[in-house]
Amino acid sequence: MKKLKPATIDSALLKKLQKKTGKLQQKSWDYTSGHPRTFKDAITTQMVVIQSMRCAYCGSRLYGTKHHRDHIAPKESHPKFTFVPANLVLACYHCNTDCKGTTDTVITKDKTYGKCVFSIVHPHFDDPKEHLAFVGGTNAILIQVVNASSKGSATVALFHLDSPEMTKQRAKDVLIDTDLEHLPGKWKKAFRFVPPANLKMKIRTA
């Protein structure tokens with residue numbers, strides 16, 4: 001994990017979306033056009049760059065173009081935070097669906113999002129280095145909770161970050177990153193930002 005900055009969304013657009021009741025905000029999230037669509041597209045476009053095409057929770061690579069937009073405080077429990085940019089990140093299928101789902105990560109509620117207290121390491125508000133560390137040889141792929149951090153422990157448990165599968169995934173990413181350094185510029189850029197199946201098409205049109 002690394003600390004992220006929220007996407008920057010036009011204030012007029014936010015005002016239109018957030019003036020609705022929480023239930024209406026939650027319902028409108030599924031709209032495929034209009035203001036909700038504009039908001040979601042802006043979130044995805046900006047967070048792809050901010051997160052360097054990696055999951056906000058486990059750090060694995062995000063492939064394809066249909067990324068999972070995850071509400072850190074789930075909209076099912078906190079509908080009024082549906083369109084709060086700081087409540088959104090991109091996540092892989094494993095973290096967003098298999099692990100987190102609708103788990104409520106808020107332990108102290110407040111009407112102001114930034115004043116809520118979260119059970120996990122918040123990608124926008126917390127410095128992950130204060131809660132988690134990667135250790136183990138030169139590649140440092142084993143995860144460790146720092147200073148018995150309750151947030152660190154909860155994050156590891158929720159996303160199974162210490163599981164053999166996730167450790168293997170981090171190891172694979174390390175190998176890919178090492179190989180990328182030996183690729184020519186266009187190939188390196190193409191591999192980082194598109195799925196492997198589209199590499200040939202990407203390079204031909206570059």
# chains A, B, ... in the order shown; residues from 1 in each chain; ligands from 1
call {"tool": "residues_around", "arguments": {"residues": "segment 141-144 of chain A", "least_positions_apart": "2", "cutoff": "9 Å", "atoms": "only C-alpha atoms", "output": "list in words"}}
result
His131, Leu132, Ala133, Phe134, Val135, Gly136, Gly137, Thr138, Asn139, Val146, Gly152, Ser153, Val156, Leu161, Asp162, Thr167, Lys168, Arg170, Ala171 and Val174 of chain A
call {"tool": "write_last_selection", "arguments": {"atoms": "N, CA and C atoms", "output": "PDB file, in the first residue's frame"}}
result
ATOM      1  N   HIS A 131       1.828   1.606   9.687  1.00  0.00           N
ATOM      2  CA  HIS A 131       1.022   0.447  10.079  1.00  0.00           C
ATOM      3  C   HIS A 131       1.503  -0.872   9.495  1.00  0.00           C
ATOM      4  N   LEU A 132       2.143  -0.814   8.318  1.00  0.00           N
ATOM      5  CA  LEU A 132       2.561  -2.024   7.624  1.00  0.00           C
ATOM      6  C   LEU A 132       3.973  -1.872   7.076  1.00  0.00           C
ATOM      7  N   ALA A 133       4.666  -3.001   6.984  1.00  0.00           N
ATOM      8  CA  ALA A 133       6.003  -2.997   6.404  1.00  0.00           C
ATOM      9  C   ALA A 133       6.184  -4.271   5.600  1.00  0.00           C
ATOM     10  N   PHE A 134       7.032  -4.186   4.574  1.00  0.00           N
ATOM     11  CA  PHE A 134       7.337  -5.351   3.764  1.00  0.00           C
ATOM     12  C   PHE A 134       8.769  -5.774   4.059  1.00  0.00           C
ATOM     13  N   VAL A 135       8.950  -7.033   4.389  1.00  0.00           N
ATOM     14  CA  VAL A 135      10.257  -7.541   4.794  1.00  0.00           C
ATOM     15  C   VAL A 135      10.553  -8.836   4.039  1.00  0.00           C
ATOM     16  N   GLY A 136      11.758  -9.368   4.247  1.00  0.00           N
ATOM     17  CA  GLY A 136      12.101 -10.659   3.672  1.00  0.00           C
ATOM     18  C   GLY A 136      13.010 -10.571   2.471  1.00  0.00           C
ATOM     19  N   GLY A 137      14.327 -10.561   2.715  1.00  0.00           N
ATOM     20  CA  GLY A 137      15.274 -10.578   1.609  1.00  0.00           C
ATOM     21  C   GLY A 137      15.277  -9.302   0.792  1.00  0.00           C
ATOM     22  N   THR A 138      15.868  -9.387  -0.388  1.00  0.00           N
ATOM     23  CA  THR A 138      16.020  -8.198  -1.227  1.00  0.00           C
ATOM     24  C   THR A 138      14.713  -7.754  -1.861  1.00  0.00           C
ATOM     25  N   ASN A 139      13.761  -8.685  -2.049  1.00  0.00           N
ATOM     26  CA  ASN A 139      12.504  -8.329  -2.698  1.00  0.00           C
ATOM     27  C   ASN A 139      11.438  -7.841  -1.733  1.00  0.00           C
ATOM     28  N   VAL A 146       3.280  -3.136  11.807  1.00  0.00           N
ATOM     29  CA  VAL A 146       4.223  -2.286  12.524  1.00  0.00           C
ATOM     30  C   VAL A 146       3.644  -1.839  13.863  1.00  0.00           C
ATOM     31  N   GLY A 152      -3.315  -1.845  10.998  1.00  0.00           N
ATOM     32  CA  GLY A 152      -2.498  -2.717  10.175  1.00  0.00           C
ATOM     33  C   GLY A 152      -2.986  -4.154  10.239  1.00  0.00           C
ATOM     34  N   SER A 153      -3.284  -4.622  11.440  1.00  0.00           N
ATOM     35  CA  SER A 153      -3.769  -5.991  11.631  1.00  0.00           C
ATOM     36  C   SER A 153      -5.100  -6.202  10.932  1.00  0.00           C
ATOM     37  N   VAL A 156      -4.567  -6.352   7.079  1.00  0.00           N
ATOM     38  CA  VAL A 156      -3.995  -7.639   6.674  1.00  0.00           C
ATOM     39  C   VAL A 156      -5.059  -8.730   6.714  1.00  0.00           C
ATOM     40  N   LEU A 161      -3.718 -10.234   3.203  1.00  0.00           N
ATOM     41  CA  LEU A 161      -2.443  -9.803   2.636  1.00  0.00           C
ATOM     42  C   LEU A 161      -1.282 -10.727   2.984  1.00  0.00           C
ATOM     43  N   ASP A 162      -1.443 -11.543   4.032  1.00  0.00           N
ATOM     44  CA  ASP A 162      -0.365 -12.448   4.420  1.00  0.00           C
ATOM     45  C   ASP A 162      -0.599 -13.873   3.917  1.00  0.00           C
ATOM     46  N   THR A 167       1.116 -13.364  -1.315  1.00  0.00           N
ATOM     47  CA  THR A 167       2.569 -13.290  -1.283  1.00  0.00           C
ATOM     48  C   THR A 167       3.147 -13.692  -2.632  1.00  0.00           C
ATOM     49  N   LYS A 168       2.573 -14.734  -3.250  1.00  0.00           N
ATOM     50  CA  LYS A 168       3.010 -15.155  -4.586  1.00  0.00           C
ATOM     51  C   LYS A 168       2.756 -14.054  -5.612  1.00  0.00           C
ATOM     52  N   ARG A 170       2.689 -10.826  -5.105  1.00  0.00           N
ATOM     53  CA  ARG A 170       3.691  -9.771  -4.931  1.00  0.00           C
ATOM     54  C   ARG A 170       5.029 -10.198  -5.541  1.00  0.00           C
ATOM     55  N   ALA A 171       5.353 -11.494  -5.380  1.00  0.00           N
ATOM     56  CA  ALA A 171       6.599 -12.008  -5.946  1.00  0.00           C
ATOM     57  C   ALA A 171       6.571 -11.915  -7.470  1.00  0.00           C
ATOM     58  N   VAL A 174       7.131  -8.364  -8.565  1.00  0.00           N
ATOM     59  CA  VAL A 174       8.537  -7.980  -8.445  1.00  0.00           C
ATOM     60  C   VAL A 174       9.309  -8.447  -9.671  1.00  0.00           C
TER      61      VAL A 174
END
call {"tool": "residues_around", "arguments": {"residues": "segment 41-49 of chain A", "least_positions_apart": "2", "cutoff": "7 Å", "atoms": "only C-alpha atoms", "output": "VMD selection string"}}
result
chain A and resid 7 37 to 39 51 to 53 89 to 90
call {"tool": "write_last_selection", "arguments": {"atoms": "all heavy atoms", "output": "compact mmCIF listing (two decimals), in the first residue's frame"}}
result
# COMPACT_ATOMS: atom_id res chain seq x y z
N ALA A 7 -9.08 11.90 -6.05
CA ALA A 7 -9.31 12.52 -7.35
C ALA A 7 -9.87 13.92 -7.16
O ALA A 7 -10.56 14.20 -6.16
CB ALA A 7 -10.28 11.67 -8.18
N ARG A 37 -22.34 9.24 -14.16
CA ARG A 37 -21.40 8.70 -15.13
C ARG A 37 -20.17 9.58 -15.24
O ARG A 37 -19.03 9.09 -15.29
CB ARG A 37 -22.09 8.59 -16.49
CG ARG A 37 -21.21 8.10 -17.63
CD ARG A 37 -21.08 6.60 -17.60
NE ARG A 37 -19.96 6.12 -16.82
CZ ARG A 37 -19.88 4.89 -16.32
NH1 ARG A 37 -20.86 4.04 -16.51
NH2 ARG A 37 -18.81 4.51 -15.64
N THR A 38 -20.39 10.89 -15.30
CA THR A 38 -19.26 11.83 -15.39
C THR A 38 -18.35 11.70 -14.18
O THR A 38 -17.12 11.69 -14.31
CB THR A 38 -19.79 13.28 -15.49
OG1 THR A 38 -20.63 13.40 -16.64
CG2 THR A 38 -18.64 14.27 -15.60
N PHE A 39 -18.96 11.60 -13.01
CA PHE A 39 -18.19 11.45 -11.76
C PHE A 39 -17.37 10.17 -11.77
O PHE A 39 -16.17 10.18 -11.50
CB PHE A 39 -19.14 11.45 -10.56
CG PHE A 39 -18.48 11.22 -9.24
CD1 PHE A 39 -18.00 12.28 -8.49
CD2 PHE A 39 -18.32 9.93 -8.73
CE1 PHE A 39 -17.38 12.08 -7.26
CE2 PHE A 39 -17.71 9.71 -7.51
CZ PHE A 39 -17.24 10.78 -6.77
N GLN A 51 -2.75 5.85 -8.76
CA GLN A 51 -2.42 4.55 -8.17
C GLN A 51 -1.42 3.75 -9.01
O GLN A 51 -1.08 2.62 -8.66
CB GLN A 51 -3.69 3.71 -7.99
CG GLN A 51 -4.67 4.32 -6.99
CD GLN A 51 -5.94 3.50 -6.82
OE1 GLN A 51 -7.00 4.03 -6.53
NE2 GLN A 51 -5.85 2.18 -6.99
N SER A 52 -0.95 4.34 -10.10
CA SER A 52 0.02 3.68 -10.97
C SER A 52 -0.47 2.30 -11.41
O SER A 52 0.29 1.33 -11.45
CB SER A 52 1.37 3.54 -10.26
OG SER A 52 1.86 4.80 -9.88
N MET A 53 -1.76 2.22 -11.72
CA MET A 53 -2.37 0.98 -12.20
C MET A 53 -2.24 -0.18 -11.20
O MET A 53 -2.10 -1.34 -11.56
CB MET A 53 -1.77 0.56 -13.54
CG MET A 53 -2.27 1.36 -14.73
SD MET A 53 -4.01 1.04 -15.13
CE MET A 53 -3.92 -0.58 -15.85
N VAL A 89 -11.45 4.53 -4.27
CA VAL A 89 -10.18 4.09 -4.82
C VAL A 89 -10.48 3.00 -5.85
O VAL A 89 -11.60 2.51 -5.94
CB VAL A 89 -9.23 3.50 -3.74
CG1 VAL A 89 -8.74 4.59 -2.81
CG2 VAL A 89 -9.92 2.38 -2.96
N LEU A 90 -9.47 2.61 -6.60
CA LEU A 90 -9.60 1.47 -7.51
C LEU A 90 -9.01 0.25 -6.82
O LEU A 90 -7.97 0.34 -6.16
CB LEU A 90 -8.85 1.73 -8.82
CG LEU A 90 -9.29 2.95 -9.63
CD1 LEU A 90 -8.48 3.02 -10.92
CD2 LEU A 90 -10.78 2.92 -9.93
call {"tool": "closest_residue", "arguments": {"among": "A:Cys58, A:Val106, A:Leu88, A:Leu24", "to": "Lys5 of chain A", "atoms": "only C-alpha atoms"}}
result
A:Leu88
call {"tool": "closest_atom_pairs", "arguments": {"of": "segment 118-154 of chain A", "to": "segment 71-80 of chain A", "cutoff": "12 Å", "atoms": "only C-alpha atoms", "output": "JSON lines"}}
result
{"residue": "A:Phe118", "atom": "CA", "partner": "A:Ala73", "partner_atom": "CA", "distance": 8.3}
{"residue": "A:Ser119", "atom": "CA", "partner": "A:Ala73", "partner_atom": "CA", "distance": 10.2}
{"residue": "A:Ile120", "atom": "CA", "partner": "A:Ile72", "partner_atom": "CA", "distance": 9.2}
{"residue": "A:Val121", "atom": "CA", "partner": "A:Ile72", "partner_atom": "CA", "distance": 10.0}
{"residue": "A:His122", "atom": "CA", "partner": "A:Ile72", "partner_atom": "CA", "distance": 7.7}
{"residue": "A:Pro123", "atom": "CA", "partner": "A:Ile72", "partner_atom": "CA", "distance": 8.6}
{"residue": "A:His124", "atom": "CA", "partner": "A:Ile72", "partner_atom": "CA", "distance": 9.9}
{"residue": "A:Phe125", "atom": "CA", "partner": "A:Ile72", "partner_atom": "CA", "distance": 11.3}
call {"tool": "write_last_selection", "arguments": {"atoms": "N, CA and C atoms", "output": "PDB file, in the first residue's frame"}}
result
ATOM      1  N   PHE A 118     -11.638   4.981  10.867  1.00  0.00           N
ATOM      2  CA  PHE A 118     -11.713   3.751  10.103  1.00  0.00           C
ATOM      3  C   PHE A 118     -10.944   2.617  10.781  1.00  0.00           C
ATOM      4  N   SER A 119     -11.426   1.406  10.570  1.00  0.00           N
ATOM      5  CA  SER A 119     -10.786   0.244  11.180  1.00  0.00           C
ATOM      6  C   SER A 119      -9.555  -0.203  10.411  1.00  0.00           C
ATOM      7  N   ILE A 120      -9.495   0.122   9.122  1.00  0.00           N
ATOM      8  CA  ILE A 120      -8.369  -0.284   8.282  1.00  0.00           C
ATOM      9  C   ILE A 120      -7.505   0.925   7.922  1.00  0.00           C
ATOM     10  N   VAL A 121      -6.363   0.649   7.335  1.00  0.00           N
ATOM     11  CA  VAL A 121      -5.491   1.725   6.860  1.00  0.00           C
ATOM     12  C   VAL A 121      -6.207   2.418   5.705  1.00  0.00           C
ATOM     13  N   HIS A 122      -6.502   3.695   5.879  1.00  0.00           N
ATOM     14  CA  HIS A 122      -7.224   4.445   4.858  1.00  0.00           C
ATOM     15  C   HIS A 122      -6.241   4.907   3.786  1.00  0.00           C
ATOM     16  N   PRO A 123      -6.463   4.528   2.526  1.00  0.00           N
ATOM     17  CA  PRO A 123      -5.507   4.871   1.466  1.00  0.00           C
ATOM     18  C   PRO A 123      -5.243   6.362   1.292  1.00  0.00           C
ATOM     19  N   HIS A 124      -6.202   7.217   1.663  1.00  0.00           N
ATOM     20  CA  HIS A 124      -6.032   8.659   1.479  1.00  0.00           C
ATOM     21  C   HIS A 124      -5.592   9.381   2.756  1.00  0.00           C
ATOM     22  N   PHE A 125      -5.989   8.860   3.897  1.00  0.00           N
ATOM     23  CA  PHE A 125      -5.747   9.584   5.149  1.00  0.00           C
ATOM     24  C   PHE A 125      -4.552   9.071   5.950  1.00  0.00           C
TER      25      PHE A 125
END
call {"tool": "closest_residue", "arguments": {"among": "A:Cys92, A:Ala56, A:Cys116, A:Ile50", "to": "Thr155 of chain A", "atoms": "only C-alpha atoms"}}
result
A:Ala56
call {"tool": "residues_around", "arguments": {"residues": "Lys20 of chain A", "least_positions_apart": "4", "cutoff": "12 Å", "atoms": "only C-alpha atoms", "output": "short mmCIF file (atom, residue, chain, number, x, y, z; two decimals) with N, CA, C and O atoms, in the first residue's frame"}}
result
data_model
loop_
_atom_site.label_atom_id
_atom_site.label_comp_id
_atom_site.auth_asym_id
_atom_site.auth_seq_id
_atom_site.Cartn_x
_atom_site.Cartn_y
_atom_site.Cartn_z
N LEU A 14 -19.97 18.01 -7.92
CA LEU A 14 -20.12 17.43 -6.58
C LEU A 14 -21.35 17.98 -5.87
O LEU A 14 -22.08 17.23 -5.21
N LYS A 15 -21.58 19.26 -6.01
CA LYS A 15 -22.73 19.89 -5.36
C LYS A 15 -24.03 19.28 -5.86
O LYS A 15 -24.95 19.01 -5.08
N LYS A 16 -24.12 19.06 -7.15
CA LYS A 16 -25.33 18.48 -7.74
C LYS A 16 -25.55 17.06 -7.24
O LYS A 16 -26.68 16.65 -6.95
N LEU A 24 -30.86 8.34 -2.29
CA LEU A 24 -30.88 8.68 -3.71
C LEU A 24 -29.47 8.68 -4.30
O LEU A 24 -29.29 8.31 -5.47
N GLN A 25 -28.50 9.08 -3.51
CA GLN A 25 -27.12 9.03 -3.98
C GLN A 25 -26.71 7.59 -4.25
O GLN A 25 -26.13 7.28 -5.29
N GLN A 26 -27.03 6.72 -3.31
CA GLN A 26 -26.69 5.31 -3.48
C GLN A 26 -27.36 4.73 -4.73
O GLN A 26 -26.74 4.00 -5.51
N LYS A 27 -28.62 5.06 -4.91
CA LYS A 27 -29.37 4.56 -6.07
C LYS A 27 -28.80 5.09 -7.37
O LYS A 27 -28.65 4.34 -8.36
N SER A 28 -28.44 6.37 -7.38
CA SER A 28 -27.97 6.98 -8.63
C SER A 28 -26.56 6.52 -9.01
O SER A 28 -26.12 6.74 -10.14
N TRP A 29 -25.86 5.88 -8.09
CA TRP A 29 -24.52 5.37 -8.39
C TRP A 29 -24.57 4.40 -9.58
O TRP A 29 -23.63 4.31 -10.36
N PRO A 36 -23.75 11.11 -12.55
CA PRO A 36 -23.05 9.97 -11.93
C PRO A 36 -22.00 9.36 -12.87
O PRO A 36 -20.90 9.01 -12.44
N PRO A 79 -24.52 5.75 2.70
CA PRO A 79 -24.93 6.26 1.38
C PRO A 79 -24.60 7.72 1.13
O PRO A 79 -24.38 8.12 -0.02
N LYS A 80 -24.54 8.53 2.19
CA LYS A 80 -24.26 9.96 1.98
C LYS A 80 -22.80 10.21 1.57
O LYS A 80 -22.45 11.32 1.16
N PHE A 81 -21.96 9.18 1.66
CA PHE A 81 -20.57 9.30 1.22
C PHE A 81 -20.35 8.67 -0.16
O PHE A 81 -19.21 8.49 -0.58
N THR A 82 -21.44 8.39 -0.87
CA THR A 82 -21.35 7.72 -2.17
C THR A 82 -20.50 8.51 -3.16
O THR A 82 -19.70 7.94 -3.91
N PHE A 83 -20.68 9.83 -3.17
CA PHE A 83 -19.97 10.67 -4.14
C PHE A 83 -18.91 11.56 -3.48
O PHE A 83 -18.66 12.67 -3.92
#
call {"tool": "select_by_dssp", "arguments": {"residues": "segment 16-168 of chain A", "states": "alpha helix (DSSP H)", "output": "ChimeraX atom specification"}}
result
/A:16-18,22-28,34-50,93,150-159,164-168
call {"tool": "atom_distance", "arguments": {"atom1": "atom CA of Asp173 of chain A", "atom2": "atom CA of Arg61 of chain A"}}
result
7.5 Å
